[in-house]
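Asker: Have a look at this one before I ask anything.
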Amino acid sequence: AMEAWYMDDSEEDQREPHRLVPNQPVSPDRLRELGVFHWKLNADIYETDPELELIRKEQGYSYMDIISIHKDTLANYEEKLKMFFEEHLHLDDEIRYILDGQAYFDVRDKEERWIRIAMTKGDLITLPAGIYHRFTLDRTNYTKAMRLFVGEPVWKAYNRPADDFDIRQNTTCGALFLL
Ligand code: KMT
Ligand code: NI
């Protein structure tokens with residue numbers, strides 16, 4: 001199963017695991033409560049996989065492309081990795097399927113703590129619109145990922161703070177605060 005844990009707040013390399021001692025795991029149920037969903041697929045057959053086809057049909061993921069994140073394959077590699085690791089949100093879901101290598105997605109929980117999600121080959125994840133998150137390679141410095149999207153892709157990222165969007169307002173906390 002896909003592993004996730006609460007992060008320490010040390011300043012060491014972002015590519016390190018940043019586990020707490022002792023490790024504080026985060027369960028798939030906890031992730032689902034945050035709107036983060038996960039499937040495990042066979043990435044070796046992604047081009048013909050009926051399971052992937054079914055997910056794409058059911059979720060309406062009409063768009064897809066593939067991005068190879070490695071210093072020799074990605075234009076402006078350093079710059080892009082720096083951008084990916086800036087805490088940001090999107091107004092649409094972020095859907096990524098790891099076809100090769102591995103990487104981390106970090107998401108904020110409701111108490112603003114960072115959860116690190118270790119993505120390996122075969123992991124497909126969806127981050128809900130409006131969740132603060134960031135992305136980094138791990139020590140292996142390489143991953144290949146499929147990007148999925150409902151309709152025409154919008155990759156626009158809003159770096160934190162970006163709390164004025166409706167998507168950040170319609171929460172129980174926000175509603176209680178307004179009372
Ligand atoms: C994002 O918006 O966080 C990204 O696109 C991450 C890199 S894609 C594997
Ligand atoms: Ni993002």
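The chains in the structure tokens are called A, B, ... from first to last as shown; in each chain the residues are counted from 1, and the ligands are counted from 1 in the order shown.
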Which residues are near range 134-141 of chain A? Cut-off 7 Å, only C-alpha atoms, ignore same chain within fewer than 3 positions. Put them as a ChimeraX atom specification.
Answerer: /A:15-16,70,81,84-88,102-107
Asker: May I have the residues from that selection written out with N, CA and C atoms, as an mmCIF file, in the first residue's frame?
Answerer:
data_model
loop_
_atom_site.group_PDB
_atom_site.id
_atom_site.type_symbol
_atom_site.label_atom_id
_atom_site.label_comp_id
_atom_site.auth_asym_id
_atom_site.auth_seq_id
_atom_site.Cartn_x
_atom_site.Cartn_y
_atom_site.Cartn_z
ATOM 1 N N ARG A 15 14.490 16.184 -0.496
ATOM 2 C CA ARG A 15 14.438 14.831 -1.076
ATOM 3 C C ARG A 15 14.564 13.731 -0.031
ATOM 4 N N GLU A 16 14.928 14.108 1.208
ATOM 5 C CA GLU A 16 14.994 13.131 2.304
ATOM 6 C C GLU A 16 13.566 12.833 2.770
ATOM 7 N N HIS A 70 13.500 14.439 -14.797
ATOM 8 C CA HIS A 70 14.900 14.056 -14.616
ATOM 9 C C HIS A 70 15.718 15.197 -15.190
ATOM 10 N N LEU A 81 11.450 22.186 -10.574
ATOM 11 C CA LEU A 81 11.404 21.493 -9.278
ATOM 12 C C LEU A 81 11.203 22.483 -8.144
ATOM 13 N N PHE A 84 7.539 23.370 -8.230
ATOM 14 C CA PHE A 84 6.705 22.270 -7.731
ATOM 15 C C PHE A 84 6.730 22.193 -6.203
ATOM 16 N N PHE A 85 7.861 22.621 -5.602
ATOM 17 C CA PHE A 85 7.991 22.490 -4.139
ATOM 18 C C PHE A 85 7.493 23.725 -3.388
ATOM 19 N N GLU A 86 7.098 24.753 -4.117
ATOM 20 C CA GLU A 86 6.438 25.900 -3.472
ATOM 21 C C GLU A 86 5.036 25.474 -3.059
ATOM 22 N N GLU A 87 4.654 25.761 -1.829
ATOM 23 C CA GLU A 87 3.300 25.416 -1.388
ATOM 24 C C GLU A 87 2.287 26.157 -2.250
ATOM 25 N N HIS A 88 1.361 25.393 -2.868
ATOM 26 C CA HIS A 88 0.418 26.000 -3.805
ATOM 27 C C HIS A 88 -0.894 25.224 -3.824
ATOM 28 N N GLN A 102 9.941 7.218 -8.538
ATOM 29 C CA GLN A 102 9.166 7.536 -7.341
ATOM 30 C C GLN A 102 9.312 9.006 -6.995
ATOM 31 N N ALA A 103 8.422 9.480 -6.116
ATOM 32 C CA ALA A 103 8.413 10.904 -5.747
ATOM 33 C C ALA A 103 7.520 11.100 -4.531
ATOM 34 N N TYR A 104 7.548 12.306 -3.973
ATOM 35 C CA TYR A 104 6.691 12.638 -2.839
ATOM 36 C C TYR A 104 5.706 13.743 -3.210
ATOM 37 N N PHE A 105 4.438 13.557 -2.757
ATOM 38 C CA PHE A 105 3.496 14.661 -2.694
ATOM 39 C C PHE A 105 3.297 14.992 -1.223
ATOM 40 N N ASP A 106 3.397 16.246 -0.864
ATOM 41 C CA ASP A 106 3.099 16.694 0.504
ATOM 42 C C ASP A 106 1.786 17.457 0.471
ATOM 43 N N VAL A 107 0.889 17.125 1.421
ATOM 44 C CA VAL A 107 -0.386 17.853 1.530
ATOM 45 C C VAL A 107 -0.557 18.339 2.962
#
Asker: Based on DSSP run over this structure's backbone, return all residues of chain A in strand (DSSP E or B), as a PyMOL selection string.
Answerer: chain A and resi 3-7+19+25+37-40+63-69+88-89+94-108+114-120+123-127+133-137+143-149+158-159
Asker: Neighbours of ligand 1 at 7 Å or closer, counting only C-alpha atoms and all ligand atoms: which residues, as a PyMOL selection string?
Answerer: chain A and resi 84+94+96+133-135+145+147+155+157
Asker: How about saving the chosen residues, N, CA and C atoms kept, as a short mmCIF file (atom, residue, chain, number, x, y, z; two decimals), in the first residue's frame?
Answerer:
data_model
loop_
_atom_site.label_atom_id
_atom_site.label_comp_id
_atom_site.auth_asym_id
_atom_site.auth_seq_id
_atom_site.Cartn_x
_atom_site.Cartn_y
_atom_site.Cartn_z
N PHE A 84 7.54 23.37 -8.23
CA PHE A 84 6.71 22.27 -7.73
C PHE A 84 6.73 22.19 -6.20
N GLU A 94 -5.75 17.71 -8.85
CA GLU A 94 -4.45 17.32 -9.43
C GLU A 94 -4.41 15.80 -9.42
N ARG A 96 -2.32 12.42 -10.68
CA ARG A 96 -1.01 11.97 -11.16
C ARG A 96 -0.89 10.46 -10.99
N HIS A 133 -0.54 22.00 -1.29
CA HIS A 133 0.33 20.84 -1.51
C HIS A 133 1.62 21.28 -2.17
N ARG A 134 2.54 20.33 -2.31
CA ARG A 134 3.78 20.55 -3.04
C ARG A 134 4.31 19.19 -3.48
N PHE A 135 5.29 19.21 -4.36
CA PHE A 135 5.81 17.98 -4.97
C PHE A 135 7.33 18.02 -4.94
N ALA A 145 5.63 10.45 -14.80
CA ALA A 145 4.25 10.49 -14.32
C ALA A 145 3.28 10.84 -15.44
N ARG A 147 -0.12 12.74 -16.29
CA ARG A 147 -0.97 13.81 -15.76
C ARG A 147 -2.34 13.64 -16.39
N TRP A 155 -3.03 24.17 -15.74
CA TRP A 155 -1.96 23.83 -14.79
C TRP A 155 -1.67 24.97 -13.82
N ALA A 157 -0.95 27.33 -11.04
CA ALA A 157 -0.76 27.11 -9.60
C ALA A 157 -0.81 28.46 -8.89
#
Asker: A:Leu89, A:Leu41, A:Ile131, A:Ile167: which is nearest ligand 2, counting only C-alpha atoms and all ligand atoms?
Answerer: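 Among A:Leu89, A:Leu41, A:Ile131, A:Ile167, it is A:Leu89 that comes nearest to ligand 2.
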Asker: With only C-alpha atoms and all ligand atoms as the basis for distance, which of A:Tyr142, A:Tyr132, A:Tyr46, A:Tyr63 is at the shortest distance from ligand 2?
Answerer: A:Tyr132
Asker: Which is closest to ligand 2 among A:Pro25, A:Pro128, A:Pro17, A:Gly122, if we use only C-alpha atoms and all ligand atoms?
Answerer: A:Pro128
Asker: DSSP on the backbone, helix (DSSP H, G or I) only: what residues of chain A does that give? Format it as a ChimeraX atom specification.
Answerer: /A:28-33,43-45,50-59,77-84,166-168,172-178
Asker: Can you work out the spacing between CA of Gly60 in chain A and CA of Gly151 in chain A in Å, to one decimal?
Answerer: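 Separating CA of Gly60 in chain A from CA of Gly151 in chain A is a distance of 7.8 Å.
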